[in-house]
file upload-v1.cif (mmCIF, C-alpha atoms)
data_my_file
loop_
_atom_site.label_atom_id
_atom_site.label_comp_id
_atom_site.auth_asym_id
_atom_site.auth_seq_id
_atom_site.Cartn_x
_atom_site.Cartn_y
_atom_site.Cartn_z
CA MET Z 1 -9.16 -17.19 24.17
CA GLN Z 2 -8.59 -16.01 20.58
CA GLN Z 3 -9.16 -12.31 20.04
CA GLU Z 4 -11.85 -11.44 17.49
CA ARG Z 5 -10.71 -9.88 14.22
CA ASN Z 6 -11.32 -6.21 13.66
CA ASN Z 7 -13.76 -6.48 10.77
CA SER Z 8 -13.81 -2.78 9.94
CA ILE Z 9 -10.11 -2.97 9.06
CA ASP Z 10 -10.70 -6.02 6.88
CA MET Z 11 -13.53 -4.19 5.13
CA PHE Z 12 -11.37 -1.12 4.61
CA ARG Z 13 -8.78 -3.34 2.90
CA LEU Z 14 -11.19 -3.73 0.00
CA LEU Z 15 -11.65 0.03 -0.25
CA ALA Z 16 -7.87 0.53 -0.16
CA SER Z 17 -7.39 -2.02 -2.96
CA LEU Z 18 -9.99 -0.23 -5.08
CA MET Z 19 -8.03 2.99 -4.48
CA VAL Z 20 -4.82 1.34 -5.71
CA VAL Z 21 -6.58 0.36 -8.94
CA ILE Z 22 -7.72 3.98 -9.34
CA ILE Z 23 -4.06 5.04 -9.42
CA HIS Z 24 -2.96 2.35 -11.87
CA THR Z 25 -5.86 2.84 -14.29
CA GLU Z 26 -5.33 6.62 -14.14
CA LEU Z 27 -9.04 7.01 -13.57
CA MET Z 28 -10.67 10.06 -15.23
CA THR Z 29 -7.36 11.61 -16.30
CA ASP Z 30 -8.62 11.39 -19.89
CA ILE Z 31 -11.79 13.32 -19.02
CA ASN Z 32 -10.56 16.29 -17.00
CA GLN Z 33 -7.09 17.11 -15.72
CA THR Z 34 -8.25 18.49 -12.37
CA ILE Z 35 -10.74 15.70 -11.69
CA GLY Z 36 -8.15 13.14 -12.77
CA PHE Z 37 -5.60 14.66 -10.40
CA ILE Z 38 -8.00 14.49 -7.47
CA MET Z 39 -9.04 10.93 -8.32
CA THR Z 40 -5.54 9.53 -8.83
CA GLN Z 41 -3.28 11.70 -6.69
CA VAL Z 42 -5.40 12.84 -3.73
CA ILE Z 43 -8.16 10.38 -2.80
CA PRO Z 44 -6.16 7.12 -3.06
CA ARG Z 45 -3.01 8.31 -1.27
CA ILE Z 46 -4.06 6.68 1.99
CA ALA Z 47 -4.28 3.18 0.44
CA VAL Z 48 -0.73 1.77 0.50
CA PRO Z 49 0.17 3.58 3.76
CA PHE Z 50 -2.91 1.89 5.25
CA PHE Z 51 -1.52 -1.54 4.30
CA PHE Z 52 1.81 -0.74 5.96
CA CYS Z 53 0.15 0.70 9.06
CA THR Z 54 -2.21 -2.23 9.65
CA SER Z 55 0.64 -4.70 9.22
CA GLY Z 56 2.79 -2.73 11.65
CA TYR Z 57 0.01 -2.24 14.17
CA PHE Z 58 -0.86 -5.91 14.55
CA TYR Z 59 2.71 -7.21 14.38
CA ILE Z 60 4.01 -4.69 16.91
CA LYS Z 61 1.04 -5.38 19.19
CA LYS Z 62 2.10 -9.03 19.23
CA ILE Z 63 5.74 -8.36 20.02
CA ILE Z 64 4.83 -5.80 22.70
CA ASN Z 65 2.68 -8.52 24.28
CA LYS Z 66 5.67 -10.89 24.16
CA LYS Z 67 4.24 -12.92 21.28
CA MET Z 68 7.19 -12.79 18.92
CA GLU Z 69 5.97 -14.29 15.65
CA PHE Z 70 8.75 -13.28 13.26
CA ILE Z 71 9.16 -16.70 11.62
CA THR Z 72 5.41 -17.35 11.35
CA THR Z 73 4.72 -13.89 9.92
CA MET Z 74 7.57 -14.01 7.42
CA LYS Z 75 6.73 -17.53 6.24
CA LYS Z 76 3.13 -16.57 5.52
CA LEU Z 77 4.05 -13.37 3.68
CA VAL Z 78 6.90 -14.96 1.71
CA LEU Z 79 4.55 -17.75 0.60
CA VAL Z 80 1.92 -15.31 -0.71
CA TYR Z 81 4.56 -13.13 -2.36
CA SER Z 82 6.30 -16.11 -3.95
CA LEU Z 83 3.07 -17.56 -5.34
CA TRP Z 84 2.15 -14.30 -7.03
CA SER Z 85 5.74 -13.76 -8.14
CA LEU Z 86 5.57 -17.05 -10.04
CA VAL Z 87 2.42 -15.84 -11.79
CA TYR Z 88 4.02 -12.55 -12.84
CA PHE Z 89 7.35 -14.16 -13.75
CA ALA Z 90 5.47 -16.56 -16.04
CA SER Z 91 3.78 -13.58 -17.67
CA ASP Z 92 7.15 -11.85 -18.06
CA LEU Z 93 8.63 -15.02 -19.57
CA LEU Z 94 5.94 -15.13 -22.25
CA ARG Z 95 6.60 -11.48 -23.02
CA SER Z 96 10.36 -12.09 -23.14
CA LEU Z 97 9.95 -15.02 -25.53
CA HIS Z 98 7.66 -12.94 -27.74
CA ASN Z 99 10.21 -10.10 -27.80
CA GLU Z 100 13.09 -12.60 -28.25
CA THR Z 101 14.74 -11.43 -25.03
CA SER Z 102 17.36 -13.83 -23.65
CA ILE Z 103 16.38 -16.17 -20.82
CA ARG Z 104 19.46 -15.01 -18.91
CA ILE Z 105 18.18 -11.43 -18.82
CA TRP Z 106 14.74 -12.68 -17.76
CA VAL Z 107 16.27 -14.65 -14.86
CA ILE Z 108 18.37 -11.67 -13.74
CA ASN Z 109 15.33 -9.38 -13.85
CA CYS Z 110 13.25 -11.90 -11.91
CA LEU Z 111 15.82 -12.15 -9.11
CA LYS Z 112 16.38 -8.39 -8.98
CA ASN Z 113 12.67 -7.65 -8.91
CA TYR Z 114 11.84 -10.37 -6.39
CA PHE Z 115 14.33 -9.17 -3.79
CA ILE Z 116 14.43 -5.43 -4.44
CA TYR Z 117 11.82 -3.80 -6.67
CA GLY Z 118 8.86 -6.16 -6.47
CA SER Z 119 7.79 -8.91 -8.86
CA SER Z 120 5.14 -6.60 -10.32
CA TYR Z 121 4.72 -2.86 -10.02
CA GLN Z 122 2.22 -3.13 -7.14
CA LEU Z 123 4.18 -5.87 -5.35
CA TRP Z 124 7.02 -3.54 -4.36
CA PHE Z 125 5.02 -3.49 -1.13
CA PHE Z 126 6.33 -6.93 -0.14
CA PRO Z 127 10.13 -6.36 -0.18
CA ALA Z 128 9.47 -3.08 1.66
CA LEU Z 129 7.26 -4.88 4.18
CA PHE Z 130 9.92 -7.55 4.79
CA PHE Z 131 12.43 -4.79 5.52
CA CYS Z 132 10.01 -3.17 7.99
CA ILE Z 133 9.35 -6.44 9.83
CA ILE Z 134 13.06 -7.19 10.14
CA ILE Z 135 13.90 -3.69 11.40
CA ALA Z 136 11.00 -3.69 13.89
CA SER Z 137 11.97 -7.15 15.19
CA ILE Z 138 15.63 -6.23 15.65
CA SER Z 139 14.68 -2.97 17.36
CA TYR Z 140 12.39 -4.79 19.77
CA LYS Z 141 15.03 -7.42 20.55
CA PHE Z 142 17.54 -4.72 21.55
CA GLY Z 143 15.00 -2.52 23.33
CA LEU Z 144 15.11 0.17 20.66
CA LEU Z 145 11.50 0.15 19.49
CA LYS Z 146 10.70 3.56 20.99
CA MET Z 147 13.86 5.02 19.46
CA LEU Z 148 12.84 3.53 16.12
CA GLY Z 149 9.49 5.27 16.54
CA HIS Z 150 11.20 8.65 16.81
CA ILE Z 151 13.64 7.89 13.99
CA SER Z 152 10.73 6.91 11.74
CA LEU Z 153 9.17 10.36 12.24
CA LEU Z 154 12.42 11.98 11.11
CA LEU Z 155 12.60 9.66 8.10
CA TYR Z 156 9.06 10.57 7.14
CA ILE Z 157 9.84 14.29 7.26
CA ILE Z 158 12.83 13.66 4.97
CA GLY Z 159 10.50 11.76 2.64
CA CYS Z 160 8.12 14.71 2.56
CA LEU Z 161 11.04 17.00 1.69
CA GLY Z 162 11.61 14.82 -1.35
CA CYS Z 163 7.96 14.83 -2.41
CA SER Z 164 5.40 17.40 -1.26
CA TYR Z 165 8.02 19.86 0.05
CA TYR Z 166 10.62 19.25 -2.65
CA SER Z 167 11.39 22.95 -3.21
CA ILE Z 168 12.46 23.19 0.43
CA GLY Z 169 14.32 19.88 0.51
CA ASN Z 170 16.20 20.74 -2.67
CA ARG Z 171 17.77 23.72 -0.87
CA ILE Z 172 19.19 21.58 1.95
CA PRO Z 173 22.64 20.27 0.84
CA VAL Z 174 22.60 16.69 2.17
CA ILE Z 175 18.86 16.24 1.65
CA SER Z 176 19.10 17.47 -1.96
CA LEU Z 177 21.67 14.79 -2.79
CA LEU Z 178 19.35 12.12 -1.45
CA ILE Z 179 16.11 13.30 -3.03
CA ASN Z 180 17.75 13.83 -6.42
CA SER Z 181 19.37 10.40 -6.40
CA GLN Z 182 18.35 8.01 -9.17
CA HIS Z 183 17.49 5.53 -6.42
CA PHE Z 184 15.26 7.92 -4.47
CA THR Z 185 11.99 6.22 -5.47
CA LEU Z 186 13.22 2.94 -4.00
CA ILE Z 187 14.61 4.66 -0.90
CA ARG Z 188 11.39 6.61 -0.43
CA ARG Z 189 9.17 3.57 -0.79
CA VAL Z 190 11.09 1.42 1.67
CA VAL Z 191 12.78 3.72 4.19
CA LEU Z 192 11.02 7.09 4.01
CA MET Z 193 7.46 5.87 3.49
CA GLY Z 194 7.09 2.15 4.18
CA LEU Z 195 8.99 2.09 7.47
CA PRO Z 196 7.41 5.27 8.95
CA PHE Z 197 3.88 4.09 8.16
CA TYR Z 198 4.69 0.62 9.49
CA ILE Z 199 6.06 2.09 12.73
CA LEU Z 200 2.99 4.34 12.92
CA GLY Z 201 1.43 1.12 14.16
CA TYR Z 202 3.69 1.41 17.22
CA TRP Z 203 2.43 4.91 18.03
CA ILE Z 204 -1.19 3.85 17.52
CA ASN Z 205 -0.68 0.99 19.99
CA ILE Z 206 0.43 3.58 22.54
CA PHE Z 207 -2.16 6.31 21.95
CA GLU Z 208 -5.33 4.55 20.74
CA ASN Z 209 -6.80 4.22 24.24
CA LYS Z 210 -5.97 7.81 25.14
CA ILE Z 211 -8.26 9.28 22.48
CA SER Z 212 -11.91 9.64 23.41
CA ILE Z 213 -14.37 8.16 20.95
CA LYS Z 214 -16.58 11.24 21.48
CA LYS Z 215 -13.89 13.56 20.14
CA LEU Z 216 -12.62 11.18 17.48
CA ASN Z 217 -15.10 12.10 14.75
CA ILE Z 218 -14.38 15.82 14.89
CA LYS Z 219 -10.62 15.18 14.95
CA LEU Z 220 -10.96 12.92 11.92
CA ILE Z 221 -12.88 15.60 10.03
CA ILE Z 222 -10.24 18.20 10.95
CA CYS Z 223 -7.50 15.87 9.68
CA ILE Z 224 -9.30 15.40 6.35
CA VAL Z 225 -9.65 19.16 5.94
CA MET Z 226 -6.00 19.78 6.84
CA PHE Z 227 -4.87 17.01 4.48
CA LEU Z 228 -6.75 18.63 1.59
CA LEU Z 229 -5.59 22.15 2.49
CA GLU Z 230 -1.98 20.99 2.64
CA ILE Z 231 -2.23 19.48 -0.84
CA TYR Z 232 -3.83 22.66 -2.16
CA PHE Z 233 -1.04 24.70 -0.57
CA VAL Z 234 1.92 22.73 -1.94
CA VAL Z 235 0.37 22.40 -5.40
CA ASN Z 236 -0.83 26.00 -5.66
CA PHE Z 237 2.57 27.38 -4.64
CA LYS Z 238 4.41 24.75 -6.72
CA ILE Z 239 6.39 23.49 -3.75
CA GLN Z 240 5.85 19.81 -4.51
CA LYS Z 241 7.53 17.39 -6.88
CA SER Z 242 4.78 14.90 -6.08
CA ILE Z 243 2.20 14.45 -3.33
CA VAL Z 244 2.81 10.76 -2.72
CA ILE Z 245 3.36 11.59 0.95
CA THR Z 246 2.42 14.72 2.90
CA ILE Z 247 2.65 15.70 6.56
CA PHE Z 248 -1.08 15.44 7.20
CA LEU Z 249 -1.39 12.12 5.39
CA TYR Z 250 0.49 10.62 8.34
CA VAL Z 251 -1.82 12.28 10.87
CA LEU Z 252 -4.94 11.44 8.87
CA LEU Z 253 -4.02 7.76 8.62
CA ALA Z 254 -3.42 7.61 12.38
CA PHE Z 255 -6.95 8.84 13.08
CA VAL Z 256 -8.50 6.64 10.37
CA MET Z 257 -6.84 3.63 11.97
CA ILE Z 258 -7.99 4.59 15.46
CA PHE Z 259 -11.52 5.18 14.14
CA LEU Z 260 -11.56 1.69 12.61
CA LEU Z 261 -10.12 0.13 15.77
CA LYS Z 262 -12.85 1.73 17.89
CA HIS Z 263 -15.57 0.52 15.49
CA PRO Z 264 -14.58 -3.14 14.99
CA PHE Z 265 -17.96 -4.45 13.71
CA PHE Z 266 -17.46 -7.85 15.35
CA GLU Z 267 -20.87 -8.98 14.07
CA LYS Z 268 -19.74 -8.62 10.42
CA SER Z 269 -17.19 -11.45 10.39
CA LYS Z 270 -18.55 -13.30 7.35
CA SER Z 271 -18.90 -10.19 5.19
CA ALA Z 272 -15.51 -8.86 6.31
CA ARG Z 273 -13.75 -12.12 5.43
CA ILE Z 274 -15.22 -12.05 1.93
CA MET Z 275 -14.31 -8.38 1.48
CA ARG Z 276 -10.77 -8.99 2.71
CA GLY Z 277 -10.33 -11.87 0.28
CA ILE Z 278 -11.71 -9.91 -2.66
CA GLY Z 279 -9.61 -6.88 -1.73
CA ASN Z 280 -6.44 -8.95 -1.55
CA PHE Z 281 -7.17 -10.65 -4.87
CA ILE Z 282 -7.85 -7.32 -6.60
CA PHE Z 283 -4.60 -5.90 -5.22
CA TYR Z 284 -2.53 -8.89 -6.31
CA THR Z 285 -4.04 -9.35 -9.78
CA HIS Z 286 -5.21 -6.00 -11.14
CA PRO Z 287 -2.09 -5.36 -13.30
CA LEU Z 288 -2.82 -8.60 -15.17
CA TYR Z 289 -6.43 -7.61 -15.72
CA ILE Z 290 -5.43 -4.11 -16.84
CA MET Z 291 -2.98 -5.56 -19.37
CA ILE Z 292 -5.44 -8.15 -20.73
CA ILE Z 293 -8.40 -5.75 -20.89
CA THR Z 294 -6.35 -3.00 -22.57
CA LYS Z 295 -5.01 -5.34 -25.25
CA ALA Z 296 -8.37 -7.02 -25.84
CA TRP Z 297 -10.10 -3.65 -26.17
CA ASP Z 298 -7.50 -2.46 -28.68
CA ILE Z 299 -7.93 -5.60 -30.79
CA ILE Z 300 -11.73 -5.60 -30.69
CA PHE Z 301 -12.44 -1.87 -30.93
CA ASP Z 302 -9.18 -0.68 -32.52
CA GLY Z 303 -8.69 2.15 -30.04
CA LYS Z 304 -7.70 3.13 -26.53
CA ILE Z 305 -10.10 2.21 -23.75
CA GLU Z 306 -11.50 5.00 -21.60
CA THR Z 307 -10.09 4.96 -18.08
CA ILE Z 308 -13.47 4.77 -16.35
CA VAL Z 309 -14.41 1.74 -18.48
CA LEU Z 310 -11.03 0.15 -17.78
CA TYR Z 311 -11.47 0.73 -14.04
CA ILE Z 312 -14.99 -0.71 -13.90
CA ILE Z 313 -14.10 -3.81 -15.93
CA THR Z 314 -10.89 -4.36 -13.94
CA ILE Z 315 -12.45 -4.25 -10.48
CA SER Z 316 -15.55 -6.15 -11.61
CA SER Z 317 -13.71 -9.03 -13.28
CA SER Z 318 -10.96 -9.36 -10.67
CA GLY Z 319 -13.46 -8.94 -7.83
CA LEU Z 320 -15.75 -11.62 -9.27
CA CYS Z 321 -12.84 -14.01 -9.74
CA GLY Z 322 -11.74 -13.39 -6.14
CA TYR Z 323 -15.28 -14.04 -4.91
CA ILE Z 324 -15.44 -17.34 -6.84
CA ILE Z 325 -12.14 -18.47 -5.29
CA ILE Z 326 -13.47 -17.63 -1.83
CA LYS Z 327 -16.62 -19.66 -2.48
CA ILE Z 328 -14.62 -22.63 -3.79
CA ASN Z 329 -12.74 -22.54 -0.47
CA ASN Z 330 -9.87 -24.70 -1.68
CA LYS Z 331 -6.90 -24.94 0.69
CA PHE Z 332 -4.35 -24.32 -2.06
CA LEU Z 333 -6.25 -21.47 -3.73
CA ASN Z 334 -6.89 -19.80 -0.37
CA GLN Z 335 -3.14 -19.25 -0.06
CA PHE Z 336 -3.38 -16.77 -2.93
CA ILE Z 337 -5.83 -14.50 -1.12
CA TYR Z 338 -5.40 -14.97 2.66
#
call {"tool": "encode", "arguments": {"input": "upload-v1.cif", "output": "structure tokens"}}
result
Amino acid sequence: MQQERNNSIDMFRLLASLMVVIIHTELMTDINQTIGFIMTQVIPRIAVPFFFCTSGYFYIKKIINKKMEFITTMKKLVLVYSLWSLVYFASDLLRSLHNETSIRIWVINCLKNYFIYGSSYQLWFFPALFFCIIIASISYKFGLLKMLGHISLLLYIIGCLGCSYYSIGNRIPVISLLINSQHFTLIRRVVLMGLPFYILGYWINIFENKISIKKLNIKLIICIVMFLLEIYFVVNFKIQKSIVITIFLYVLLAFVMIFLLKHPFFEKSKSARIMRGIGNFIFYTHPLYIMIITKAWDIIFDGKIETIVLYIITISSSGLCGYIIIKINNKFLNQFIY
């Protein structure tokens, strides 16, 4: 018997995608520096970690239950990534031709971005996700999944020393070399952030049934408070270089995931499927919409668009387009969103 989907997680995907757009439109940073900081640096920080964690949770659950689906999982993800890569590479080609950049450089950039950095600035998630799946699969095959779980915690702490606790990490000789490397952003995304949040799915598989639903709400509230207090602490005392990842973000996400798992909303399947599709489409396409809207606004109104207007138009237009594709329900088009 096929297990029912957890609809609350699918619904949260849409919220997470909207958070990603908040970051990339720099929402409200042109209105007030403090409000802009909270909107772009604090509230949305759970979004991308959530994507890693959900992917890790469900994949690791399958391999723990002896349902190894490495090939199936990779084929599906590579297909989606490749389809959207073609879209962004076509956009880059038009830009290269307009700027009279050589085709050779365009090809090199396409290959480098596809395999390492991501075909668009939000699609770095996919190469990082492929790395996580491969590492998790190898670890399981050799009976090292639990060890990987512990290693991932150490990696996450190192990541925090390069971000929210930079002033501390910069004083540790070996750590300082790593966090000041020109490649640290890539290393942080893949190894110190992506992998730990992916493997968080392993820990959630172990502990989700040990946490009482009665005590879950209060623990979640405590985690939110501690997450905010930690950010205030590192920012107020100027310890951070960034707050991309923090200690309590990891803990908060764990309890958010468990909360969603314990409130699956099985009766909301239709709504959840639509929200998942729209959320995916917004995540995949919003850089294109941001670029088009920004340029169109500049041409029509001869000025820079306000961030709140840019955000509203971006999520509305991309969300509507995603909804139309869902309603068309074409087998080929569905590959772009599911």
call {"tool": "resolve_selection", "arguments": {"input": "upload-v1.cif", "expression": "the PyMOL selection byres ((chain Z and resi 158) around 12)", "output": "mmCIF file with C-alpha atoms, in the frame of the given file"}}
result
data_model
loop_
_atom_site.group_PDB
_atom_site.id
_atom_site.type_symbol
_atom_site.label_atom_id
_atom_site.label_comp_id
_atom_site.auth_asym_id
_atom_site.auth_seq_id
_atom_site.Cartn_x
_atom_site.Cartn_y
_atom_site.Cartn_z
ATOM 1 C CA ILE Z 151 13.640 7.890 13.990
ATOM 2 C CA SER Z 152 10.730 6.910 11.740
ATOM 3 C CA LEU Z 153 9.170 10.360 12.240
ATOM 4 C CA LEU Z 154 12.420 11.980 11.110
ATOM 5 C CA LEU Z 155 12.600 9.660 8.100
ATOM 6 C CA TYR Z 156 9.060 10.570 7.140
ATOM 7 C CA ILE Z 157 9.840 14.290 7.260
ATOM 8 C CA GLY Z 159 10.500 11.760 2.640
ATOM 9 C CA CYS Z 160 8.120 14.710 2.560
ATOM 10 C CA LEU Z 161 11.040 17.000 1.690
ATOM 11 C CA GLY Z 162 11.610 14.820 -1.350
ATOM 12 C CA CYS Z 163 7.960 14.830 -2.410
ATOM 13 C CA SER Z 164 5.400 17.400 -1.260
ATOM 14 C CA TYR Z 165 8.020 19.860 0.050
ATOM 15 C CA TYR Z 166 10.620 19.250 -2.650
ATOM 16 C CA ILE Z 168 12.460 23.190 0.430
ATOM 17 C CA GLY Z 169 14.320 19.880 0.510
ATOM 18 C CA ASN Z 170 16.200 20.740 -2.670
ATOM 19 C CA ILE Z 172 19.190 21.580 1.950
ATOM 20 C CA VAL Z 174 22.600 16.690 2.170
ATOM 21 C CA ILE Z 175 18.860 16.240 1.650
ATOM 22 C CA SER Z 176 19.100 17.470 -1.960
ATOM 23 C CA LEU Z 177 21.670 14.790 -2.790
ATOM 24 C CA LEU Z 178 19.350 12.120 -1.450
ATOM 25 C CA ILE Z 179 16.110 13.300 -3.030
ATOM 26 C CA PHE Z 184 15.260 7.920 -4.470
ATOM 27 C CA ILE Z 187 14.610 4.660 -0.900
ATOM 28 C CA ARG Z 188 11.390 6.610 -0.430
ATOM 29 C CA VAL Z 191 12.780 3.720 4.190
ATOM 30 C CA LEU Z 192 11.020 7.090 4.010
ATOM 31 C CA MET Z 193 7.460 5.870 3.490
ATOM 32 C CA PRO Z 196 7.410 5.270 8.950
ATOM 33 C CA ILE Z 245 3.360 11.590 0.950
ATOM 34 C CA THR Z 246 2.420 14.720 2.900
ATOM 35 C CA ILE Z 247 2.650 15.700 6.560
#
call {"tool": "residues_around", "arguments": {"input": "upload-v1.cif", "residues": "Ile116 of chain Z", "least_positions_apart": "6", "cutoff": "9 Å", "atoms": "only C-alpha atoms", "output": "ChimeraX atom specification"}}
result
/Z:124,127-128,186
call {"tool": "atom_distance", "arguments": {"input": "upload-v1.cif", "atom1": "atom CA of Gly322 of chain Z", "atom2": "atom CA of Ile278 of chain Z"}}
result
4.9 Å
call {"tool": "residues_around", "arguments": {"input": "upload-v1.cif", "residues": "Cys53 of chain Z", "least_positions_apart": "4", "cutoff": "8 Å", "atoms": "only C-alpha atoms", "output": "PyMOL selection string"}}
result
chain Z and resi 49+57+197-201
call {"tool": "residues_around", "arguments": {"input": "upload-v1.cif", "residues": "segment 78-81 of chain Z", "least_positions_apart": "4", "cutoff": "7 Å", "atoms": "all atoms listed in the file", "output": "list in words"}}
result
Met74, Ser85, Phe126, Gln335 and Phe336 of chain Z
call {"tool": "write_last_selection", "arguments": {"input": "upload-v1.cif", "atoms": "C-alpha atoms", "output": "CSV table (one decimal), keeping the file's coordinate frame"}}
result
chain,number,residue,atom,x,y,z
Z,74,MET,CA,7.6,-14.0,7.4
Z,85,SER,CA,5.7,-13.8,-8.1
Z,126,PHE,CA,6.3,-6.9,-0.1
Z,335,GLN,CA,-3.1,-19.2,-0.1
Z,336,PHE,CA,-3.4,-16.8,-2.9
call {"tool": "closest_residue", "arguments": {"input": "upload-v1.cif", "among": "Z:Ser242, Z:Gln122, Z:Asn205, Z:Ser139", "to": "Met257 of chain Z", "atoms": "all atoms listed in the file"}}
result
Z:Asn205
call {"tool": "residues_around", "arguments": {"input": "upload-v1.cif", "residues": "segment 104-111 of chain Z", "least_positions_apart": "3", "cutoff": "7 Å", "atoms": "all atoms listed in the file", "output": "number ranges by chain"}}
result
Z: 89, 93, 96, 114-115, 119
call {"tool": "closest_residue", "arguments": {"input": "upload-v1.cif", "among": "Z:Pro173, Z:Ile305, Z:Gly36, Z:Leu129", "to": "Thr73 of chain Z", "atoms": "only C-alpha atoms"}}
result
Z:Leu129
call {"tool": "atom_distance", "arguments": {"input": "upload-v1.cif", "atom1": "atom CA of Ile218 of chain Z", "atom2": "atom CA of Phe255 of chain Z"}}
result
10.4 Å
call {"tool": "resolve_selection", "arguments": {"input": "upload-v1.cif", "expression": "the PyMOL selection byres ((chain Z and resi 38) around 12)", "output": "list in words"}}
result
Met19, Ile22, Ile23, Glu26, Leu27, Met28, Thr29, Asn32, Gln33, Thr34, Ile35, Gly36, Phe37, Met39, Thr40, Gln41, Val42, Ile43, Pro44, Arg45, Leu228, Ile231, Tyr232, Val235 and Ile243 of chain Z
call {"tool": "write_last_selection", "arguments": {"input": "upload-v1.cif", "atoms": "C-alpha atoms", "output": "compact mmCIF listing (two decimals), in the frame of the given file"}}
result
# COMPACT_ATOMS: atom_id res chain seq x y z
CA MET Z 19 -8.03 2.99 -4.48
CA ILE Z 22 -7.72 3.98 -9.34
CA ILE Z 23 -4.06 5.04 -9.42
CA GLU Z 26 -5.33 6.62 -14.14
CA LEU Z 27 -9.04 7.01 -13.57
CA MET Z 28 -10.67 10.06 -15.23
CA THR Z 29 -7.36 11.61 -16.30
CA ASN Z 32 -10.56 16.29 -17.00
CA GLN Z 33 -7.09 17.11 -15.72
CA THR Z 34 -8.25 18.49 -12.37
CA ILE Z 35 -10.74 15.70 -11.69
CA GLY Z 36 -8.15 13.14 -12.77
CA PHE Z 37 -5.60 14.66 -10.40
CA MET Z 39 -9.04 10.93 -8.32
CA THR Z 40 -5.54 9.53 -8.83
CA GLN Z 41 -3.28 11.70 -6.69
CA VAL Z 42 -5.40 12.84 -3.73
CA ILE Z 43 -8.16 10.38 -2.80
CA PRO Z 44 -6.16 7.12 -3.06
CA ARG Z 45 -3.01 8.31 -1.27
CA LEU Z 228 -6.75 18.63 1.59
CA ILE Z 231 -2.23 19.48 -0.84
CA TYR Z 232 -3.83 22.66 -2.16
CA VAL Z 235 0.37 22.40 -5.40
CA ILE Z 243 2.20 14.45 -3.33
call {"tool": "resolve_selection", "arguments": {"input": "upload-v1.cif", "expression": "the PyMOL selection byres ((chain Z and resi 310-315) around 7)", "output": "PyMOL selection string"}}
result
chain Z and resi 22+25+27+282+286+289-290+305-309+316-319
call {"tool": "write_last_selection", "arguments": {"input": "upload-v1.cif", "atoms": "C-alpha atoms", "output": "mmCIF file, in the coordinates of the input"}}
result
data_model
loop_
_atom_site.group_PDB
_atom_site.id
_atom_site.type_symbol
_atom_site.label_atom_id
_atom_site.label_comp_id
_atom_site.auth_asym_id
_atom_site.auth_seq_id
_atom_site.Cartn_x
_atom_site.Cartn_y
_atom_site.Cartn_z
ATOM 1 C CA ILE Z 22 -7.720 3.980 -9.340
ATOM 2 C CA THR Z 25 -5.860 2.840 -14.290
ATOM 3 C CA LEU Z 27 -9.040 7.010 -13.570
ATOM 4 C CA ILE Z 282 -7.850 -7.320 -6.600
ATOM 5 C CA HIS Z 286 -5.210 -6.000 -11.140
ATOM 6 C CA TYR Z 289 -6.430 -7.610 -15.720
ATOM 7 C CA ILE Z 290 -5.430 -4.110 -16.840
ATOM 8 C CA ILE Z 305 -10.100 2.210 -23.750
ATOM 9 C CA GLU Z 306 -11.500 5.000 -21.600
ATOM 10 C CA THR Z 307 -10.090 4.960 -18.080
ATOM 11 C CA ILE Z 308 -13.470 4.770 -16.350
ATOM 12 C CA VAL Z 309 -14.410 1.740 -18.480
ATOM 13 C CA SER Z 316 -15.550 -6.150 -11.610
ATOM 14 C CA SER Z 317 -13.710 -9.030 -13.280
ATOM 15 C CA SER Z 318 -10.960 -9.360 -10.670
ATOM 16 C CA GLY Z 319 -13.460 -8.940 -7.830
#
call {"tool": "atom_distance", "arguments": {"input": "upload-v1.cif", "atom1": "atom CA of Ser137 of chain Z", "atom2": "atom CA of Phe207 of chain Z"}}
result
20.7 Å
call {"tool": "closest_residue", "arguments": {"input": "upload-v1.cif", "among": "Z:Arg5, Z:Arg189, Z:Lys214, Z:Lys238", "to": "Lys268 of chain Z", "atoms": "all atoms listed in the file"}}
result
Z:Arg5
call {"tool": "closest_residue", "arguments": {"input": "upload-v1.cif", "among": "Z:Asn113, Z:Thr294, Z:Gln182, Z:Ser8", "to": "Val256 of chain Z", "atoms": "all atoms listed in the file"}}
result
Z:Ser8
call {"tool": "residues_around", "arguments": {"input": "upload-v1.cif", "residues": "Pro264 of chain Z", "least_positions_apart": "5", "cutoff": "10 Å", "atoms": "all atoms listed in the file", "output": "ChimeraX atom specification"}}
result
/Z:4-11,259,269
call {"tool": "closest_residue", "arguments": {"input": "upload-v1.cif", "among": "Z:Ser82, Z:Asn280, Z:Thr72, Z:Asn65", "to": "Gly118 of chain Z", "atoms": "only C-alpha atoms"}}
result
Z:Ser82
